[in-house]
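Written out below as structure tokens is the structure these notes cover.
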Amino acid sequence: MRLGERHGVVAVSFDYVAKETAANLWRNRVMALAAVLTVAVSLSLVGTALLLRQVVNRQISQWSNNVSLQVFMNSNATSQQLSEIRVLISQEPQITTCTYLDHKASYLQARQVLAGEPTALEALTPAITPTVFRCQLQSANDAPAVAAIFNGVPGVFQGHAQFPAQSVRTMQRITNILQVVLLAIAIVLLVSSLVLILNAIRMAIFARRREVSVMKLVGATNWFIRIPFMLEGLVQGLVGAVVAAGIVLLSNVGVNYLVRRYLSSSTLPLGQLILTEVVVVLIGVVVGVVGSTIAVRRFLDV
Amino acid sequence: MIRFDDVTKSYLTGIDALAHITLEIDRGEFVFLVGASGSGKTTFLRLLLREETPDSGSIWVAGRDIGRLAPARIPYLRRNLGCVFQDFRLLPNKTVAENVAFALEVIGRPRGVIKTQVTQVLDLVGLGQKMDRRPHELSGGEQQRVAIARAFVNRPLVLLADEPTGNLDPATSSGIMKLLERINKTGTTVLMATHDVGIVDEMRRRVIQLEHGYMVRDQARGIYGDASDTRVRGYSSIGVGAVSGDDDDLVSMPRRQVRPRRGRR
């Protein structure tokens, strides 16, 4: 009996599937383009948010491992006051190393910091620049306590003993908020790109309803009918993701520039960048496959 | 080849589209399925293709109870049932050869096989010269030949034809019938639902008549409208009166059908 004959694995020829998928995409190019662009935009946001997160985390961990305490002296502090501070520093076990920036060194530093403000720069002279003890601490947690030791000591510029931990926390808080906002936008966009892909596949199914009905009639297997449509969704997700990966690469250049300009940590290593790109591409593929799977399940009754 | 065993199918309206159909069609038979619109002919074909499942009873094709077929096996059932329709259902953007080849492509046949089989079957239906035309460049009769070629190219066990001559003039129709006869001679069972009195009367093949879902006649070498033929089978318990078109009498029709005796012609 021929009816009982087993054909084994579904014979879906690669040629056929590739041809059908390409033809479908071309026929539906406007919808496909819309879907691809939305995927690209949302995934570049996701990717950039991921990059930012990593950069900030690196910077923060560097700061927390390498907290520096700056003790600003009054510009007219006496040398005796300075040596008293030196003694205090040497007695404090939390402080690992310490360097002293005299008027000249401190002035050069200040010039860099104030590079963008010419009026302040003009008013600054080496003589009035406060000298600074720049110290490294063992742990960030004790920074406030250690800083408090120096506050009120004669010669110390009142209340200006600084430690970066405060700015770290502020920065962490700001980037956390920024990340949540970016991710929320990205999720909304990802959902809409999923819906767009779903709709693109639905249109493709509708455009090919004659073919599909003939295929069912002559006994094409369900997977044979489904695969080109699902692949179409996958391609849309993938292309969008690849575009997004390119944009993430560009934003990485920008982020690196900012890191070099304003932060002390090194730029993101290649490995982490590649990982981020892989995550972006995978999300794109998942969005494409999920969108087209839903479309095929709902609109292709095979 | 095909066996209906007390098959009943009703749709949501509660009216039986098919009621207690029991019949058997042998390998290589040529059978006309006749009856007015709404008598259940199309439901009969849809059940065979398992586009629908019966409410009760079982349907056997090639020794298999198709009601128990796993959904994934349904495509393999359909590969054994070629289908032709009144509206041809060709793909307008494909050429004649591509239309026929499509049926083989989508069941994963190798390209070499497709090429030879398409050429062969198009020669069989007499369209060897028009392989590269598109459906809209062909006459209705030619389009139906392409549809038949597509249905037959995979050498199915059964060819199902749902009013294949419904859109065609008598001369063209008779050409189509000759083609179906030739296909029947290769051993393929042909089951044709039709309204065409002339064709049925001329061919004198087995006629199964449906009326409001009931099989009211199963006659070897029948004609379209004949109810008083002495060879009427599967019908004795209903009485001849019901056949002669007394539709109001439906309610009084007994629910049970007599199984047709085997061995005709």
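Chain lettering (A, B, ...) mirrors the order of the structure tokens, residue numbering begins at 1 for each chain separately, and ligand numbering begins at 1 in order of display.
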Practice task
For chain A, list the residues within 6 Å of chain B, counting only C-alpha atoms, and write the list as a list in words.
Solution key: Ala11, Val218, Gly219, Ala220 and Thr221 of chain A
Next, dump the selected residues to file, keeping only C-alpha atoms, as an mmCIF file, in the first residue's frame.
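Dumped everything to again_39.cif:
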```
data_model
loop_
_atom_site.group_PDB
_atom_site.id
_atom_site.type_symbol
_atom_site.label_atom_id
_atom_site.label_comp_id
_atom_site.auth_asym_id
_atom_site.auth_seq_id
_atom_site.Cartn_x
_atom_site.Cartn_y
_atom_site.Cartn_z
ATOM 1 C CA ALA A 11 12.549 16.525 2.513
ATOM 2 C CA VAL A 218 -1.122 18.007 -3.079
ATOM 3 C CA GLY A 219 0.164 16.865 0.288
ATOM 4 C CA ALA A 220 3.021 19.154 1.254
ATOM 5 C CA THR A 221 3.872 18.537 4.902
#
```
Exercise for the section: May I have the residues within 9 Å of segment 160-163 of chain B as number ranges by chain, using only C-alpha atoms and disregarding those fewer than 6 positions away in the same chain? Expected result: B: 41-42, 45, 81-87, 148, 151, 189-196
Problem - For Thr175 of chain A: contacts at 12 Å, only C-alpha atoms, fewer than 5 positions along chain excluded, given as a PyMOL selection string - result: chain A and resi 49-57+59-60+167-170+180-183
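Nearest residue to Gly175 of chain B, choosing from B:Gly28, B:Gly213, B:Pro135, B:Gly126 and counting only C-alpha atoms: B:Gly126.
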Practice task
Name the residues of segment 9-128 of chain B that come out as strand (DSSP E) in a backbone DSSP run; write them as a PyMOL selection string.
Solution key: chain B and resi 9-10+16-25+30-34+56-61+64-65+81-85
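The coordinates place atom CA of Arg208 of chain A at 15.0 Å from atom CA of Leu231 of chain A.
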Practice task
Please measure the separation of atom CA of Gln120 of chain B and atom CA of Val153 of chain B, giving the value in Å to one decimal.
Solution key: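 Computed distance, atom CA of Gln120 of chain B to atom CA of Val153 of chain B, equals 8.4 Å.
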Exercise for the section: Write out as a VMD selection string the residues lying within 8 Å of Val290 of chain A, counting only C-alpha atoms and excluding same-chain residues fewer than 4 positions away. Expected result: chain A and resid 194 286 294
Fill in the blank from the handout: atom CA of Val188 of chain A to atom CA of Val41 of chain A measures 11.2 Å
Problem - Who sits within 8 Å of segment 125-131 of chain A, only C-alpha atoms, same chain under 4 positions skipped, as a list of chain:residue names - result: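 Skipping anything fewer than 4 positions along the chain leaves A:Phe72, A:Met73, A:Asn74, A:Ser75, A:Asn76, A:Tyr100, A:Leu101, A:Asp102, A:His103, A:Lys104, A:Ser106, A:Tyr107, A:Ala110.
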Quick one: write out the picked residues with N, CA and C atoms as a short mmCIF file (atom, residue, chain, number, x, y, z; two decimals), in the first residue's frame?
```cif
data_model
loop_
_atom_site.label_atom_id
_atom_site.label_comp_id
_atom_site.auth_asym_id
_atom_site.auth_seq_id
_atom_site.Cartn_x
_atom_site.Cartn_y
_atom_site.Cartn_z
N PHE A 72 42.58 68.73 50.23
CA PHE A 72 42.95 70.06 49.72
C PHE A 72 43.40 70.93 50.88
N MET A 73 44.58 71.50 50.72
CA MET A 73 45.08 72.39 51.77
C MET A 73 44.72 73.82 51.41
N ASN A 74 44.71 74.66 52.43
CA ASN A 74 44.60 76.09 52.12
C ASN A 74 45.85 76.50 51.36
N SER A 75 45.66 77.47 50.44
CA SER A 75 46.82 77.85 49.61
C SER A 75 47.92 78.48 50.47
N ASN A 76 47.53 79.00 51.68
CA ASN A 76 48.56 79.62 52.52
C ASN A 76 48.96 78.75 53.71
N TYR A 100 51.95 64.11 47.10
CA TYR A 100 51.66 65.50 47.40
C TYR A 100 51.86 66.32 46.15
N LEU A 101 50.84 67.08 45.77
CA LEU A 101 50.97 67.97 44.63
C LEU A 101 51.22 69.37 45.16
N ASP A 102 52.43 69.93 44.86
CA ASP A 102 52.70 71.28 45.33
C ASP A 102 51.99 72.29 44.45
N HIS A 103 52.22 73.58 44.71
CA HIS A 103 51.47 74.62 44.00
C HIS A 103 51.55 74.47 42.50
N LYS A 104 52.76 74.16 42.00
CA LYS A 104 52.96 74.11 40.57
C LYS A 104 52.21 72.92 39.94
N SER A 106 49.79 71.21 41.24
CA SER A 106 48.36 71.36 41.45
C SER A 106 47.77 72.35 40.43
N TYR A 107 48.57 73.41 40.16
CA TYR A 107 48.12 74.40 39.18
C TYR A 107 47.95 73.77 37.80
N ALA A 110 44.85 71.76 37.77
CA ALA A 110 43.67 72.61 37.74
C ALA A 110 43.43 73.18 36.35
#
```
